[in-house]
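Student: Contents of coords07.csv (CSV, C-alpha atoms) are given next:
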```csv
chain,number,residue,atom,x,y,z
A,47,MET,CA,99.8,71.8,99.6
A,48,ARG,CA,102.4,74.2,98.1
A,49,LEU,CA,104.3,73.8,94.9
A,50,THR,CA,108.1,74.5,94.9
A,51,SER,CA,109.3,77.6,93.2
A,52,PHE,CA,110.9,75.3,90.6
A,53,THR,CA,107.4,74.0,89.6
A,54,ASP,CA,105.9,77.5,89.8
A,55,TYR,CA,108.6,78.8,87.4
A,56,THR,CA,108.1,75.7,85.2
A,57,LEU,CA,104.4,76.5,84.8
A,58,ARG,CA,105.0,80.2,84.2
A,59,THR,CA,107.5,79.3,81.5
A,60,LEU,CA,105.1,77.0,79.8
A,61,LEU,CA,102.3,79.5,79.9
A,62,HIS,CA,104.5,82.2,78.4
A,63,LEU,CA,105.7,79.8,75.6
A,64,GLY,CA,102.1,78.8,74.9
A,65,SER,CA,101.1,82.4,74.5
A,66,ASN,CA,104.1,83.1,72.2
A,67,ARG,CA,104.0,80.2,69.8
A,68,ASP,CA,105.0,82.3,66.8
A,69,ARG,CA,108.5,83.0,68.0
A,70,LEU,CA,111.5,81.8,70.0
A,71,VAL,CA,111.5,83.0,73.6
A,72,THR,CA,114.7,83.7,75.7
A,73,ILE,CA,115.4,82.9,79.3
A,74,GLN,CA,116.2,86.6,79.9
A,75,GLU,CA,112.7,87.6,78.6
A,76,ILE,CA,110.9,85.3,81.1
A,77,ALA,CA,113.3,86.2,84.0
A,78,ASP,CA,112.6,89.9,83.3
A,79,LEU,CA,108.8,89.4,83.0
A,80,HIS,CA,108.5,87.6,86.3
A,81,SER,CA,111.5,89.2,88.2
A,82,ILE,CA,113.0,85.8,88.8
A,83,SER,CA,116.6,84.5,88.8
A,84,LYS,CA,118.0,83.8,85.3
A,85,ASN,CA,120.2,81.1,86.8
A,86,HIS,CA,117.2,79.4,88.4
A,87,LEU,CA,115.2,79.7,85.2
A,88,MET,CA,118.1,78.1,83.2
A,89,LYS,CA,117.7,75.0,85.4
A,90,VAL,CA,113.9,75.0,84.7
A,91,VAL,CA,114.4,75.2,80.9
A,92,ASN,CA,117.2,72.6,81.0
A,93,GLU,CA,114.8,70.2,82.8
A,94,LEU,CA,112.0,70.9,80.3
A,95,ALA,CA,114.4,70.3,77.4
A,96,ARG,CA,115.8,67.2,79.0
A,97,ASN,CA,112.3,65.8,79.3
A,98,GLY,CA,111.4,66.8,75.7
A,99,VAL,CA,108.8,69.4,76.6
A,100,VAL,CA,110.7,72.3,75.0
A,101,GLU,CA,113.1,72.6,72.1
A,102,THR,CA,116.1,74.8,72.5
A,103,ILE,CA,117.9,76.6,69.7
A,104,ARG,CA,121.5,77.7,70.4
A,105,GLY,CA,123.2,80.7,68.9
A,106,ARG,CA,122.9,84.5,68.7
A,107,ASN,CA,119.3,84.4,67.6
A,108,GLY,CA,118.5,81.3,69.7
A,109,GLY,CA,115.9,80.7,72.3
A,110,PHE,CA,113.4,78.0,73.1
A,111,ARG,CA,109.9,77.0,72.2
A,112,LEU,CA,107.3,74.3,73.0
A,113,ALA,CA,108.3,70.9,71.5
A,114,HIS,CA,104.6,69.9,71.4
A,115,GLU,CA,101.2,71.4,70.9
A,116,PRO,CA,99.7,73.0,74.1
A,117,GLU,CA,96.8,70.5,74.0
A,118,ASP,CA,99.4,67.6,74.2
A,119,ILE,CA,101.1,69.0,77.4
A,120,ASN,CA,99.4,67.6,80.5
A,121,ILE,CA,99.6,69.8,83.6
A,122,GLY,CA,99.5,66.9,86.0
A,123,ALA,CA,102.5,65.2,84.2
A,124,ILE,CA,104.4,68.5,84.3
A,125,VAL,CA,103.8,69.0,88.0
A,126,ARG,CA,104.9,65.4,88.7
A,127,MET,CA,108.0,65.9,86.6
A,128,SER,CA,109.0,69.0,88.4
A,129,GLU,CA,108.2,68.1,92.0
A,130,SER,CA,110.6,65.9,93.9
A,131,ASP,CA,107.9,64.3,96.1
A,132,PHE,CA,104.4,64.7,97.4
A,133,TYR,CA,105.0,63.9,101.0
A,134,MET,CA,102.2,65.7,102.8
A,135,ALA,CA,103.5,64.6,106.2
A,136,GLU,CA,106.6,62.8,107.5
A,137,CYS,CA,104.7,59.5,107.6
A,138,PHE,CA,104.6,59.5,103.7
A,139,ASP,CA,108.4,59.5,103.5
A,140,PRO,CA,109.5,55.8,103.4
A,141,GLU,CA,112.9,56.9,104.9
A,142,GLY,CA,111.3,59.2,107.5
A,143,LYS,CA,111.0,58.5,111.2
A,144,PRO,CA,108.4,55.9,112.2
A,145,CYS,CA,105.3,57.3,113.7
A,146,GLY,CA,104.1,56.0,117.1
A,147,LEU,CA,100.5,56.6,116.0
A,148,VAL,CA,100.6,54.5,112.8
A,149,LYS,CA,98.3,51.8,114.2
A,150,ASN,CA,95.5,54.2,115.3
A,151,CYS,CA,95.9,57.1,112.8
A,152,SER,CA,93.8,57.6,109.7
A,153,LEU,CA,95.4,60.9,108.8
A,154,LYS,CA,97.8,59.3,106.3
A,155,GLY,CA,94.8,57.9,104.4
A,156,VAL,CA,93.0,61.2,104.3
A,157,LEU,CA,96.0,63.1,103.2
A,158,GLY,CA,96.7,60.4,100.6
A,159,LYS,CA,93.2,60.8,99.1
A,160,ALA,CA,93.6,64.6,99.2
A,161,THR,CA,96.9,64.4,97.3
A,162,LYS,CA,95.3,62.0,94.7
A,163,ALA,CA,92.3,64.4,94.2
A,164,TYR,CA,94.8,67.3,93.7
A,165,LEU,CA,96.8,65.4,91.1
A,166,ASP,CA,93.6,64.0,89.4
A,167,GLU,CA,92.4,67.6,89.0
A,168,LEU,CA,95.7,68.7,87.4
A,169,ASP,CA,95.6,65.6,85.1
A,170,ARG,CA,92.3,67.0,83.7
A,171,HIS,CA,94.1,70.1,82.3
A,172,THR,CA,96.4,70.7,79.4
A,173,LEU,CA,98.5,73.8,78.8
A,174,ALA,CA,95.9,74.7,76.1
A,175,SER,CA,93.2,74.8,78.7
A,176,LEU,CA,95.1,77.3,80.8
A,177,LEU,CA,95.9,79.7,77.9
A,178,PRO,CA,93.7,82.7,77.3
A,179,GLU,CA,91.5,82.6,74.2
A,180,PRO,CA,92.9,84.6,71.3
A,181,ALA,CA,91.1,88.0,70.9
A,182,PRO,CA,88.7,87.9,68.0
A,183,ARG,CA,89.6,90.0,65.0
A,184,GLU,CA,87.6,93.3,65.0
A,185,THR,CA,87.0,93.5,61.3
A,186,PRO,CA,87.2,90.5,59.0
A,187,ILE,CA,89.6,90.6,56.1
A,188,ALA,CA,87.8,91.4,52.9
A,189,PHE,CA,89.1,89.7,49.8
A,190,GLN,CA,88.1,90.9,46.3
A,191,ARG,CA,88.4,88.9,43.2
A,192,LYS,CA,90.6,90.6,40.6
A,193,LYS,CA,89.0,91.2,37.2
A,194,ALA,CA,90.6,89.4,34.3
A,195,ALA,CA,92.4,91.7,32.0
```
For this file, write the structure as C-alpha cells.

Tutor:
Amino acid sequence: MRLTSFTDYTLRTLLHLGSNRDRLVTIQEIADLHSISKNHLMKVVNELARNGVVETIRGRNGGFRLAHEPEDINIGAIVRMSESDFYMAECFDPEGKPCGLVKNCSLKGVLGKATKAYLDELDRHTLASLLPEPAPRETPIAFQRKKAA
C-alpha cells in the first residue's frame, strides 16, 4: 500500500506543526524544509483548515498552527481524510470492471483484511505519539528566595 503525496505532505505538515507549537508556521517554511511545491502544500493546508485540524491566521505575520492538542489528532482519521480511497485492487472499486474470478477468488477478502489491519494500526496512534520527546533540560533552574528588607 502506498499513500498519495497529498497524504505524505499532510502528515509532514502535522509533524512540523506538532514540533513547533510555540509559534505560527508558514507554508513557505514547510515547502522549503521538505523541498515540495508551495502550491501543493497550500492545498494540503486548506484541506486541514477546512476539516478543523489547523487554524489559519491571515496577514503579514500570519501562518497556521494546530487547532487541537497533538494527543487529540488521530493519525488514522487524518489518513482517511486525506486519501480518496483504499482500493487495493480494481475489484474494490464499485464502479470498476467486473472480475470474471469473483466467484472463486478469495483475494478480495485477504486484501480487505490487510487494509483493515493497516487502518487499525494507524488508528492506534495520535500525532503526539509520533512526535519526538522534548530534550531534558541539562541543568535545572535554581530559584532563590529573596530576603525581606

Student: With only C-alpha atoms as the atoms that count, which of A:Tyr55, A:Tyr164, A:Tyr133, A:Phe110 lies nearest to Arg69 (chain A)?

Tutor: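 Answer, going by the shortest atom-to-atom distance: A:Phe110.
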
Student: Excluding same-chain residues fewer than 3 positions from Gly108 (chain A), what lies within 12 Å of it counting only C-alpha atoms, as a PyMOL selection string?

Tutor: chain A and resi 69-74+101-105+111

Student: Quick check, in Å to one decimal: how far apart do CA of Met134 (chain A) and CA of Asp166 (chain A) lie?

Tutor: 16.0 Å

Student: Interatomic distance between CA of Ser152 (chain A) and CA of Asp131 (chain A)?

Tutor: 20.7 Å

Student: Tell me, in Å to one decimal, how far CA of Ile82 (chain A) is from CA of Glu179 (chain A).

Tutor: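 One can read the CA of Ile82 (chain A) to CA of Glu179 (chain A) distance as 26.2 Å.
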
Student: Of the candidates A:Met127, A:Glu141, A:Leu177, A:Glu93, which shows the shortest atom-to-atom distance to Ser65 (chain A), using all atoms listed in the file?

Tutor: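 Looking only at the distances to Ser65 (chain A), the closest residue turns out to be A:Leu177.
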
Student: Using only C-alpha atoms for the distances, tell me which of A:Asp118, A:Glu129, A:Glu75, A:Asp68 is nearest to Thr50 (chain A).

Tutor: A:Glu129

Student: Within 9 Å of Gly98 (chain A), counting only C-alpha atoms, which residues qualify if same-chain residues fewer than 6 places away don't, as an mmCIF file with C-alpha atoms, keeping the file's coordinate frame?

Tutor:
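Result written to selection_4.cif:
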```cif
data_model
loop_
_atom_site.group_PDB
_atom_site.id
_atom_site.type_symbol
_atom_site.label_atom_id
_atom_site.label_comp_id
_atom_site.auth_asym_id
_atom_site.auth_seq_id
_atom_site.Cartn_x
_atom_site.Cartn_y
_atom_site.Cartn_z
ATOM 1 C CA LEU A 112 107.300 74.300 73.000
ATOM 2 C CA ALA A 113 108.300 70.900 71.500
ATOM 3 C CA HIS A 114 104.600 69.900 71.400
#
```

Student: Counting only C-alpha atoms, find the residues whose atoms lie at most 12 Å from (100.3, 62.8, 94.4) (file coordinates) and write them out as a PyMOL selection string.

Tutor: chain A and resi 47+49+122-123+125-127+129-134+138+157-169

Student: Those selected residues, please, written with C-alpha atoms and delivered as a PDB file, keeping the file's coordinate frame.

Tutor:
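For reference, part-v1.pdb as written:
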```
ATOM      1  CA  MET A  47      99.800  71.800  99.600  1.00  0.00           C
ATOM      2  CA  LEU A  49     104.300  73.800  94.900  1.00  0.00           C
ATOM      3  CA  GLY A 122      99.500  66.900  86.000  1.00  0.00           C
ATOM      4  CA  ALA A 123     102.500  65.200  84.200  1.00  0.00           C
ATOM      5  CA  VAL A 125     103.800  69.000  88.000  1.00  0.00           C
ATOM      6  CA  ARG A 126     104.900  65.400  88.700  1.00  0.00           C
ATOM      7  CA  MET A 127     108.000  65.900  86.600  1.00  0.00           C
ATOM      8  CA  GLU A 129     108.200  68.100  92.000  1.00  0.00           C
ATOM      9  CA  SER A 130     110.600  65.900  93.900  1.00  0.00           C
ATOM     10  CA  ASP A 131     107.900  64.300  96.100  1.00  0.00           C
ATOM     11  CA  PHE A 132     104.400  64.700  97.400  1.00  0.00           C
ATOM     12  CA  TYR A 133     105.000  63.900 101.000  1.00  0.00           C
ATOM     13  CA  MET A 134     102.200  65.700 102.800  1.00  0.00           C
ATOM     14  CA  PHE A 138     104.600  59.500 103.700  1.00  0.00           C
ATOM     15  CA  LEU A 157      96.000  63.100 103.200  1.00  0.00           C
ATOM     16  CA  GLY A 158      96.700  60.400 100.600  1.00  0.00           C
ATOM     17  CA  LYS A 159      93.200  60.800  99.100  1.00  0.00           C
ATOM     18  CA  ALA A 160      93.600  64.600  99.200  1.00  0.00           C
ATOM     19  CA  THR A 161      96.900  64.400  97.300  1.00  0.00           C
ATOM     20  CA  LYS A 162      95.300  62.000  94.700  1.00  0.00           C
ATOM     21  CA  ALA A 163      92.300  64.400  94.200  1.00  0.00           C
ATOM     22  CA  TYR A 164      94.800  67.300  93.700  1.00  0.00           C
ATOM     23  CA  LEU A 165      96.800  65.400  91.100  1.00  0.00           C
ATOM     24  CA  ASP A 166      93.600  64.000  89.400  1.00  0.00           C
ATOM     25  CA  GLU A 167      92.400  67.600  89.000  1.00  0.00           C
ATOM     26  CA  LEU A 168      95.700  68.700  87.400  1.00  0.00           C
ATOM     27  CA  ASP A 169      95.600  65.600  85.100  1.00  0.00           C
TER      28      ASP A 169
END
```

Student: Nearest to Leu87 (chain A): which of A:Leu173, A:Cys145, A:Leu57, A:Ile119 is it, counting only C-alpha atoms?

Tutor: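 Counting only C-alpha atoms, the residue closest to Leu87 (chain A) is A:Leu57.
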